[in-house]
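Participant: Before anything else, here's the structure in question.
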Amino acid sequence: MTTQAYRNRSPLLTIIIAAYNVEIYIDDALNSLLSHPFIDAVDIIVIDDGSQDRTYAVAQAVVEADSGEHILLIHQSNGGLSDARNKGCAHVRTPYVGFLDGDDMFLPEFLSVVIPLLAGNWDMIEYNATIINDRNEPLLDLEVVPPVLAGGRDTDRKTVMQFATRFHCFMWARVYRTTLFDRNPFPIARHYEDAAVLPSVYLRARSVYYVTKPLICYRRRFGSITQTHLLQQVHDLHVTGLEALARCNGGEHDEFWHTVYRKVFRRACHVSARVDRAVFRDALNVLGQMAIDYQVATRAARRGREVGSLGRFISAVRADRCVFLVKELGKKVLRRELYRSQQERPAVRQ
């Protein structure tokens, strides 16, 4: 709830936390901010997106322990990640905004690095991440910012093309000037929503500061490695790709949007290789339509120069699928062996 203390502060940065069924993680997420010495420069907006566990109650306990000074906690019916983020954006009153998933958390240096940089008037601050497991143990670092990019610069063609080429579309890997976002920027009920939003935000930014150290922990939750991929995800990527092509108008950013489309298409190929057998052919049909859309949209733009080919993707997707199925079979055998060994283990004497 909004408190008088919350209203009376004048912070620089809002962190929007979309939370759904993360009762065992949400206090870590919140306390990773509340423990910082720069916390008075921060608003935290938690959107409990219709959780069916104790997420709201755990978050409420943290709010009460903080006397409601830094956290605005909102409960809504389940609408998905985009809907929750849009609700959070509607309550932002600060010049800068960032995002955190409810099962992730910031590293101890986050605010001590970011808050002083906000005084430098940068439009975006981009940083690396550490992937952790369910026990908060580090697994590996995720390089969003390579060492060669360290420091700040104005955005230009080279800067935006570096983003499009690397295409690390994680909203939580950056802090943004709030005015870079449209009203309700996240498309409702669409998978891979970050890829639909971040390219436009990047083009609007006039400057960016690159931090090469990890400042956030992205959690790889148990079981996520075998997450099912859906045909709808391929359709949603098709929509995002069409939106990218629609922004090509013969201007200076056409190469950027062509590159974005090819990256989105590559992701659609990856997902298609991992859908259920019953819809695999349907996924290939969507990829075929994406290839046709790209050919039609870029034919006029070519005018004697090479825009870029999508390649012989069908054979590549089938090969990727074969590798995926072999790995899945190996995982099933391993799980079966682990279960058998547990069943055969002698009972512990009392």
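Just remember, in the structure tokens the first chain shown is A, the second B, etc., residues are 1-based per chain, and ligands are 1-based in the order shown.
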Just asking: which residues within range 142-220 of chain A are strand (DSSP E) according to DSSP, as a PDB file with C-alpha atoms, in the first residue's frame?

Facilitator:
```pdb
ATOM      1  CA  LEU A 142      26.188 -13.976 -18.607  1.00  0.00           C
ATOM      2  CA  GLY A 151      32.315   3.119 -20.296  1.00  0.00           C
ATOM      3  CA  GLY A 152      29.833   5.623 -21.670  1.00  0.00           C
ATOM      4  CA  ARG A 153      29.108   6.895 -25.159  1.00  0.00           C
ATOM      5  CA  ASP A 154      26.464   8.533 -27.287  1.00  0.00           C
ATOM      6  CA  ARG A 174      19.581  -2.389 -17.955  1.00  0.00           C
ATOM      7  CA  VAL A 175      18.278   0.708 -16.217  1.00  0.00           C
ATOM      8  CA  TYR A 176      16.394   3.134 -18.474  1.00  0.00           C
ATOM      9  CA  ARG A 177      15.288   6.737 -18.636  1.00  0.00           C
ATOM     10  CA  SER A 207      23.448   7.653 -24.683  1.00  0.00           C
ATOM     11  CA  VAL A 208      24.379   4.455 -22.888  1.00  0.00           C
ATOM     12  CA  TYR A 209      26.860   3.575 -20.159  1.00  0.00           C
ATOM     13  CA  TYR A 210      28.258   0.030 -20.208  1.00  0.00           C
ATOM     14  CA  VAL A 211      29.183  -1.687 -16.926  1.00  0.00           C
ATOM     15  CA  THR A 212      31.232  -4.832 -17.479  1.00  0.00           C
ATOM     16  CA  LYS A 213      30.753  -6.327 -14.019  1.00  0.00           C
ATOM     17  CA  PRO A 214      27.692  -8.423 -13.086  1.00  0.00           C
ATOM     18  CA  LEU A 215      25.137  -6.416 -11.102  1.00  0.00           C
ATOM     19  CA  ILE A 216      22.156  -8.785 -11.137  1.00  0.00           C
ATOM     20  CA  CYS A 217      21.530 -12.479 -10.459  1.00  0.00           C
ATOM     21  CA  TYR A 218      19.320 -14.339 -12.913  1.00  0.00           C
ATOM     22  CA  ARG A 219      17.970 -17.519 -11.368  1.00  0.00           C
TER      23      ARG A 219
END
```

Participant: Taking 4 positions as the minimum chain separation for residues in the same chain, which residues sit within 8 Å of range 58-62 of chain A when counting only C-alpha atoms? Answer as a ChimeraX atom specification.

Facilitator: /A:23,26-27,30,54,66,73

Participant: With only C-alpha atoms as the atoms that count, which of A:Phe181, A:Tyr294, A:Trp172, A:Tyr20 lies nearest to Thr259 in chain A?

Facilitator: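 Comparing A:Phe181, A:Tyr294, A:Trp172, A:Tyr20 against Thr259 in chain A, the winner is A:Tyr294.
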
Participant: Could you pull the residues within 12 Å of range 275-292 of chain A, counting only C-alpha atoms, minus those fewer than 2 positions along the same chain, as a PyMOL selection string?

Facilitator: chain A and resi 226-245+261-262+264-273+294-299+308-318+320-322+324-325

Participant: Mind pulling up the distance from CA of Ile24 in chain A to CA of Asp53 in chain A?

Facilitator: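 Computed distance, CA of Asp53 in chain A to CA of Ile24 in chain A, equals 9.7 Å.
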